[in-house]
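S.K.: My structure is below; once you've seen it, I'll send some questions.
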Amino acid sequence: MTALATATAAPAAAPASSDTILSVRDLRTQFFTRDGVVRAVDGVSFDLKRGETLCIVGESGCGKSVTALSILRLIPRGAGRIVGGSIKFEGTELTTLPEDQMRKIRGNRISMIFQEPMTSLNPVLTVGAQIAESLHIHQGLDRRAAWDRAVEMLSIVRIADPKRRAGEYPHQLSGGMRQRVMIAIALACNPKVLIADEPTTALDVTIQAQILNLMLELKERLGTAIVLITHDLGVVAETAQRVIVMYAGRKAEEASVEELFRNPIHPYTRGLMGSIPRRTATGRRSNIRGRLQEISGIVPSLREEIPGCAFAPRCSYAVDRCRTEQPPLDPHGPYHLAACWEAARVAATPR
Amino acid sequence: MTAYIIRRLLATIPVMIVVALFVFFLLHLTPGDPAAVIAGDDATPTEIEGVRRKLGLDRPVWEQFGIYVWGLLNGDLGTSIFSNLPVTTLVAQRLEPSLVLALSTLLVAVVFAIPMGVVAAWKARTAVDRIVMGFSVIGFAVPVFLVGYLLIYVFAIELRWLPVQGYRPLSQGIDQTARSIVLPAFALGMVYMALIARITRASMLEVLSEDYIRTAHAKGVATRSVLLRHALKNAAVPIVTVIGIGLALLISGVVITETVFNIPGLGRLTVDAILKRDYPIIQGLIILFAGVKVMVNLMIDISYTFFDPRIRY
Ligand SMILES: Nc1ncnc2c1ncn2[C@@H]1O[C@H](COP(=O)(O)OP(=O)(O)OP(=O)(O)O)[C@@H](O)[C@H]1O
Ligand SMILES: [Mg+2]
């Protein structure tokens with residue numbers, strides 16, 4: 001895969017440079033529920049470079065979607081909010097940007113694709129109208145022009161008979177077609193950043209690859225950078241240049257994709273990869289195929305402040321310090337960060 | 001669609017037959033001699049006999065029913081016992097005020113209630129929401145005559161902005177009609193406003209938590225447009241349902257308001273007919289109201305297709 005080839009050339013971890021389009025620093029997002037505060041994102045930092053693909057992986061509930069929604073400031077008002085940190089997009093601080101300015105960024109400079117194609121489109125508006133709306137809002141196209149461009153977008157995402165399809169409603173389209181429409185909406189205004197939150201998880205396996213390839217091809221064409229949230233390590237291997245592993249609202253590990261697969265440091269990352277077959281039975285394509293592995297033990301409640309490493313209760317390497325002191329993200333090699341006190345011991349243990 | 005409408009129209013026939021049967025036997029099911037019931041408590045035997053002959057009550061029941069239904073099919077709702085005028089004529093005379101009142105009431109209710117419900121849902125669990133919902137509780141609880149007298153007192157007697165009572169027909173100019181109908185429409189509209197606002201809020205709240213609303217926000221759509229273009233149309237089906245039911249109830253439910261505001265409409269006709277036991281009028285009105293309700297129901301169902309493309313008949 002080309003993604004793997006370019007991954008080797010990925011630059012080392014560096015402070016935000018002119019190359020960086022999106023820079024997240026110490027992001028903290030919390031929900032305020034009846035049972036207390038949920039620390040869904042608890043101090044996450046990362047940079048996204050122009051045109052690259054960055055994957056975020058982690059178990060369910062570790063804060064991937066909340067991170068994505070925080071960037072676009074789409075955390076439901078009343079339920080929760082960003083309580084700290086900074087999100088800089090092309091040098092503009094998003095966390096404090098007035099709402100009307102923020103709206104000009106959403107769907108225009110930064111777009112998002114959601115996990116659920118079946119429910120993410122408005123059932124009472126034609127798909128053409130839903131694509132045209134973005135173009136109307138952000139590019140000021142009039143009805144006619146926006147519609148023509150919407151039809152064009154449908155053909156770009158390879159929907160057959162786009163003229164007719166534009167006039168149809170979401171319930172008349174299959175799941176795969178709906179996700180293509182979502183991609184069309186997201187890319188209509190040539191965004192600089194595309195956040196794709198498990199865009200293929202809800203789809204039939206046979207079309208997952210098609211949708212993913214379409215996204216990557218269009219991304220290449222438009223020079224869009226992608227934050228791809230996924231459960232699927234196979235997808236990570238095939239698409240990403242860099243990977244972030246999240247656990248309990250924090251970043252556990254970050255590395256280039258090759259480095260991460262060759263030398264996972266965090267016991268959590270190792271756990272995720274644990275059961276994945278080295279080689280598929282037919283021996284084709286990817287040697288890292290499949291979903292994240294189930295790790296024994298339960299995901300910690302995000303309602304209590306976790307003093308040490310959040311993974312400690314489930315970790316076979318854990319020592320006392322792991323339970324009391326939060327490990328920092330230490331460098332392990334040119335571009336490889338991991339938050340583990342016992343990294344040296346883990347690394348010495350063969351997988 | 002046309003086939004569906006025709007099918008639905010045909011389906012109304014049995015309903016209307018049942019109504020006609022009920023209305024016809026209404027008179028015969030009342031205990032005692034129908035002629036005596038109609039003639040009143042202190043009628044002489046000769047008067048009772050007169051009523052019996054006039055209404056054809058001396059003929060066999062099945063024949064009476066046949067005559068009645070034949071009349072209905074020919075648009076004849078019977079003849080008033082007291083005024084000797086055809087019921088259709090009486091209804092036609094009283095139709096305008098009632099229709100104007102019902103439609104104005106609904107207009108007032110919808111125009112205020114939908115924005116109220118939308119804002120309450122958007123600002124759910126805030127002070128604005130609580131005010132709207134508080135108002136809606138009051139709207140339900142306070143009887144229409146109380147609101148009516150209160151409005152008359154404030155706007156007609158104290159401020160002298162509007163007439164106290166009475167109805168000005170459209171033939172005297174629409175502005176006159178409007179002035180005479182404002183207070184009754186608000187008085188009667190209060191409860192519908194409360195109802196529609198509540199349904200709008202509930203329906204909107206549900207829609208606003210849908211994924212596609214998040215998609216709309218993610219596209220950079222302005223709040224106003226998210227609420228009106230993306231959410232309200234999705235929330236429309238329950239809202240138009242209560243508006244339709246409201247209309248059906250209104251047409252027959254204008255009695256108290258017409259009395260308070262002294263409007264010579266169908267409500268008053270009904271009350272007067274009941275007091276005078278003018279059975280043909282009562283029967284005619286029941287048939288008419290039943291017909292209206294059946295039609296409104298059909299219109300509600302058809303309107304669904306307009307709001308929701310997934311509904312096809
Ligand atoms: N509206 C909300 N109210 C309260 N808690 C929330 C809300 N949304 C998310 N959370 C909590 O935030 C945490 C992170 O959720 P998030 O959706 O980001 O997980 P995720 O990593 O995307 O998981 P998945 O892989 O299942 O999509 C979870 O513990 C979840 O319960
Ligand atoms: Mg998620």
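Labeling convention for the structure tokens: chains A, B, ... as they appear, residues from 1 per chain, ligands from 1 in order of appearance.
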Just list as a ChimeraX atom specification whatever in region 83-308 of chain A DSSP marks as alpha helix (DSSP H).

M.R.: /A:99-105,127-139,143-156,162-166,175-187,205-222,233-239,257-262,267-274

S.K.: Can you check which residues of chain A have any atom within 10 Å of chain B? Use only C-alpha atoms and format it as a VMD selection string.

M.R.: chain A and resid 69 72 to 78 99 to 108 110 to 126 130 to 131 133 to 135 137 to 138 168 to 172 182 185 to 186 189

S.K.: Which residues are near ligand 1 in this structure, taking near to mean any atom at most 8 Å from a ligand atom and counting only C-alpha atoms and all ligand atoms? Format them as an MDAnalysis selection string.

M.R.: chainID A and resid 30:33 38:41 58:68 75:76 79:80 197:198 230:231 248:249 301:302

S.K.: Would you kindly return, as a list in words, each protein, DNA or RNA residue with an atom no farther than 12 Å from any atom of Arg25 (chain A), considering only C-alpha atoms and excluding same-chain residues fewer than 4 positions away?

M.R.: Pro15, Ala16, Val41, Asp42, Gly43, Val44, Ser45, Phe46, Asp47, Leu48, Thr67, Ile71, Gly84, Gly85, Ser86, Ile87, Lys88, Phe89, Glu93, Leu94, Thr95, Arg250 and Lys251 of chain A

S.K.: For Ala194 (chain B), which residue among B:Trp62, B:Tyr4, B:Tyr304, B:Phe140 is the nearest when counting only C-alpha atoms?

M.R.: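 The shortest atom-to-atom distance to Ala194 (chain B) comes from B:Phe140.
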
S.K.: Got a sec: who's within 7 Å of Ile239 (chain B), counting only C-alpha atoms, leaving out chain neighbours fewer than 6 positions off, as a PDB file with C-alpha atoms, in the first residue's frame?

M.R.:
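New file part06.pdb:
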```pdb
ATOM      1  CA  ILE B 196     -50.290  23.052  19.605  1.00  0.00           C
ATOM      2  CA  ILE B 199     -47.066  19.191  20.674  1.00  0.00           C
ATOM      3  CA  THR B 200     -44.698  21.378  18.666  1.00  0.00           C
TER       4      THR B 200
END
```

S.K.: Of the residues B:Leu146, B:Gly66, B:Ala120, B:Pro169, which is the one nearest to Val132 (chain B), using only C-alpha atoms?

M.R.: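 The closest residue to Val132 (chain B) is B:Ala120.
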
S.K.: Which one is closest to Val254 (chain B): B:Val296, B:Leu188, B:Ile6, B:Ala202? Count only C-alpha atoms.

M.R.: B:Leu188

S.K.: Pick the closest to ligand 2 from A:Ile183, A:Cys315, A:Val57, A:Phe261: which is it, counting only C-alpha atoms and all ligand atoms?

M.R.: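 Among the listed residues, the smallest separation from ligand 2 belongs to A:Val57.
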